[in-house]
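Below is one structure, written out as structure tokens; the observations come after it.
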Amino acid sequence: MTSLLSTACSHLTDKPDDPYLWLEDIYSDASLNWARQHNEKSVAIFTKQPIYQEIEPKIREILTAKDRIPFPNHQHGQVYNFWQDGEHVKGLWRTTSMADYASAHPKWKVLLDVDALSKTENESWVFHGADCLPPKGERCLMQLSRGGKDAALYREFDLVRNTFVADGFALPEAKSDMAWIDLDTVLVSTDFGPGSLTSSGYPRIVKKWKRGTPLEQAETLMEGEPTDMSLSGWTSHRPEGIHSFISRRKSFYEGENFLLQKDGTLFKLPFPDSANFEGVFHGYALAILRFPWQVGKKTIPEGALVSLPLDRLTRPDEALEILYAPGERASIQHVSLSKNFILVATLDNVKGRLLRAQRTQKGWATETLPFPDHGEISIVSIDAFDDQYFAQFQSFLIPTSLYLGDLQSKQKPRVVQQLPPRFDASSMVTEQKEAVSRDGTKVPYFVVYKKGLKLDGSNPTLLYGYGGFEIGLTPWYLSTAGKVWLDKGGIYVVANIRGGGEFGPKWHQAALKENRQRAYDDFIAVAEELIRQKLTSPKHLGIQGGSNGGLLVGAVFVQRPDLFNAVICQVPLLDMLRYHHLLAGASWMAEYGNPDDPADAQAILAIRRYSPYQNVKRGVKYPRIFFYTSTRDDRVHPGHARKMVARMEEQGHDVLYYENIEGGHGGSADLDQLIRRIAMDFTYLFMQLDNKN
């Protein structure tokens, strides 16, 4: 053990020189010139391919179609929607009535034209949403981002006069949070100046700000530590009352939540720091547990949704109740609160379920709502001041249906919007299978393909994965992929590997820190199973992942270059010995470990073994990788992808690289950029995997 510790920590004083640190200077002339030169080369290669010219118009037609579902956000009898199309690539924020929304052709009132605003102000604005003050919703706190960055500015918007409020609440560009308490008071956390941010680059101070006063005079409610992840304030506005809270995130998976009391003092909620606080409902505080919780003589299982009366917060041993506890192969994905009911979106063996919960004289009662099976069900919109809700159902081959339900009614939720099919799925099939990972764990995955497939190993196949941050991959409608990939005989595979949230906290925790390799072993096992079944072969197998998924595909192509002939590595983490020093990287140390902390010795050993930037080698035959990142990504530093490409080129490897100068972590700032990215992705896959096309 001593030798392991010394080996793991030796890099603290013996870090190898990095000749490409200059590429971490995001906006330097040298870095941007380097990126633009690579962009020119890659764009020329992709756009001259006949397949690009064939599929780009098909992708554009799908993504700009007028018959897409205008997804709703409903409040106080109105529906709000953000809409992008070929004429409004940056988008329109608009509204209509609930009654009109359910009609065939809603009459929309435009509240904000982001394209026009961008032109007027000579900015590339990206709409990041608006928080409107309940219950009337006449004033909103709107976020606008330059080029899609996480950092955004706030402006107050008047829905009655349809204009920004002169001298209203406003914040300059920063990673901020602002939330209403009432019309003249907000909770605000932002960059207040030197020393006000955490090491992760998020605010560590929450203040209460009164209208008409300078921000500098706002009352400080709480200060966190520089080593915290972030602090933020938020308010629960409900018919039964208003409650404001401060959330102190000590790490990605640990936090404290404080109730702001009427006398201005803060009361810490008694849930474990590892629990997810879900809000308040009819006098109860709700939370989801990440670990078992021993309360008195009871042990509450991990993954359970629990309740605690607000008037008995000091006695959880007497008053804590289980509202819902999922089974071994199930998990809670989301909790939403209406006026009189709680909606719980769950997964059961990666199939969606939607539960309705309410308080009765006998305690909490839950029932499953009637939705189609074998797909993903998610809550689209809910209002704390009524019991209507919107939910969507979709699967890989079934277009999205938007349902409107009334939780007070015995009637089934009805379809109010239906996405038309974007490809002919009548000859296609979806199967859920399992692969066996290195340690014997069964790993589920979905396979989508055309019937009558020849099992000769010649089928071009794309394997997609993520495997991190307790995020589950659920079925989604393959609109563009179905049209340009499945239609041409391609196979689409989604792997539900450890590190994700498909089966609750245990599934996620199994691949944390020193056990990260398990996620990569799971992904490799799925790839090997596809080859064993002769669905495909290494020559025709490609992989794709973004962000943490970019790290996933980066790690596995370095470890097993013999398995793949295409790798799409998007907005990735790749230099895992420096990730915590780059932008928001420090906030993810609970996921990967701290490369500078000897106490994390086992995690450091794991990082040294899998970090793609440190393990890619000269003389190894890798497939031609396609790296994609964004200059304005202020979450995952573009230096990860830049440096990896520079190192691989120095080693003599042929790679493709594209860096969108806008786009943020999502990679695209508008529809045109998204269309180009998807067209390049599939062009690359056809180039690498499918000689016929």
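Following the order of the structure tokens, first chain is A, next is B, and so on, with residues numbered from 1 inside each chain and ligands from 1 in the order they appear.
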Next item on the list: From the DSSP assignment of the backbone, select every residue of segment 302-464 of chain A that is strand (DSSP E or B), and format the answer as a ChimeraX atom specification.
Entry: /A:305-309,321-324,330-337,342-348,352-360,363-368,376-382,388-394,401-406,414-418,428-436,442-450,461-464
Next item on the list: List every residue of segment 5-106 of chain A that DSSP, applied to the backbone of this structure, assigns to helix (DSSP H, G or I), and report them as number ranges by chain.
Entry: A: 5-12, 21-24, 29-47, 50-63, 98-101
Next item on the list: Take atom CA of Asp373 of chain A and atom CA of Ile497 of chain A and report the distance between them in Å, one decimal.
Entry: 22.1 Å
Next item on the list: May I have the residues within 9 Å of segment 528-535 of chain A as a PyMOL selection string, using only C-alpha atoms and disregarding those fewer than 2 positions away in the same chain?
Entry: chain A and resi 434-436+453-461+491+523-526+537-538+541+563
So which residues touch Ser244 of chain A within 6 Å, counting only C-alpha atoms, skipping near sequence neighbours fewer than 3 positions away, as a CSV table (one decimal) with C-alpha atoms, in the first residue's frame?
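For reference, around_7.csv as written:
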```csv
chain,number,residue,atom,x,y,z
A,234,TRP,CA,-33.9,30.0,-4.6
A,235,THR,CA,-37.6,30.4,-3.6
A,260,LEU,CA,-34.4,31.5,5.3
```
Note to self: Quick check, in Å to one decimal: how far apart do atom CA of Arg68 of chain A and atom CA of His105 of chain A lie?
What the structure shows: 12.3 Å
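Candidate residues A:Lys442, A:Arg353, A:His653, A:Arg677 were compared for distance to Tyr622 of chain A, and the nearest is A:His653, using only C-alpha atoms.
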Margin query: Can you pull out the residues contacting Pro292 of chain A? Cut-off 12 Å, using only C-alpha atoms, and skip same-chain residues under 3 positions away; I want them as a PyMOL selection string.
Written below: chain A and resi 271-272+274-275+288-289+295+298-306+325+505-506
Checklist line | Residue nearest Ser611 of chain A - candidates A:Val553, A:Leu486, A:Ala599, A:Val567, atoms counted: only C-alpha atoms | finding: A:Val553
Margin query: So that I can check the surroundings of segment 151-165 of chain A, please list as number ranges by chain every protein, DNA and RNA residue that reaches within 7 Å of it, counting only C-alpha atoms and ignoring chain neighbours fewer than 4 positions away.
Written below: A: 111, 138-145, 169-175
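Excluding Leu574 of chain A and any residue on its chain fewer than 5 positions from it, the residues at most 6 Å away by only C-alpha atoms are Leu551, Pro612, Tyr613 and His640 of chain A.
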Could you turn the residues from that selection into a file that holds C-alpha atoms, as a PDB file, in the first residue's frame?
```
ATOM      1  CA  LEU A 551     -13.558  11.330 -21.834  1.00  0.00           C
ATOM      2  CA  PRO A 612      -6.110   9.942 -22.628  1.00  0.00           C
ATOM      3  CA  TYR A 613      -3.723  12.893 -22.950  1.00  0.00           C
ATOM      4  CA  HIS A 640      -8.488  19.467 -23.561  1.00  0.00           C
TER       5      HIS A 640
END
```
Output as a Markdown table one row per residue of segment 422-446 of chain A within 12 Å of segment 375-384 of chain A: the closest atom pair and its distance in Å to one decimal place, counting only C-alpha atoms, sorted by chain and residue number ascending.
```
| residue | atom | partner | partner_atom | distance |
| --- | --- | --- | --- | --- |
| A:Thr430 | CA | A:Gly375 | CA | 10.6 |
| A:Glu431 | CA | A:Gly375 | CA | 11.8 |
| A:Gln432 | CA | A:Gly375 | CA | 11.4 |
| A:Phe446 | CA | A:Gly375 | CA | 11.3 |
```
Next item on the list: Tell me which of A:Thr480, A:Gln294, A:Asn276, A:Ser336 sits closest to Phe682 of chain A, counting only C-alpha atoms.
Entry: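 Between A:Thr480, A:Gln294, A:Asn276, A:Ser336, the residue approaching Phe682 of chain A most closely is A:Thr480.
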Item checked: Atom-to-atom span, atom CA of Asp597 of chain A and atom CA of Lys513 of chain A, Å ->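 Separating atom CA of Asp597 of chain A from atom CA of Lys513 of chain A is a distance of 12.6 Å.
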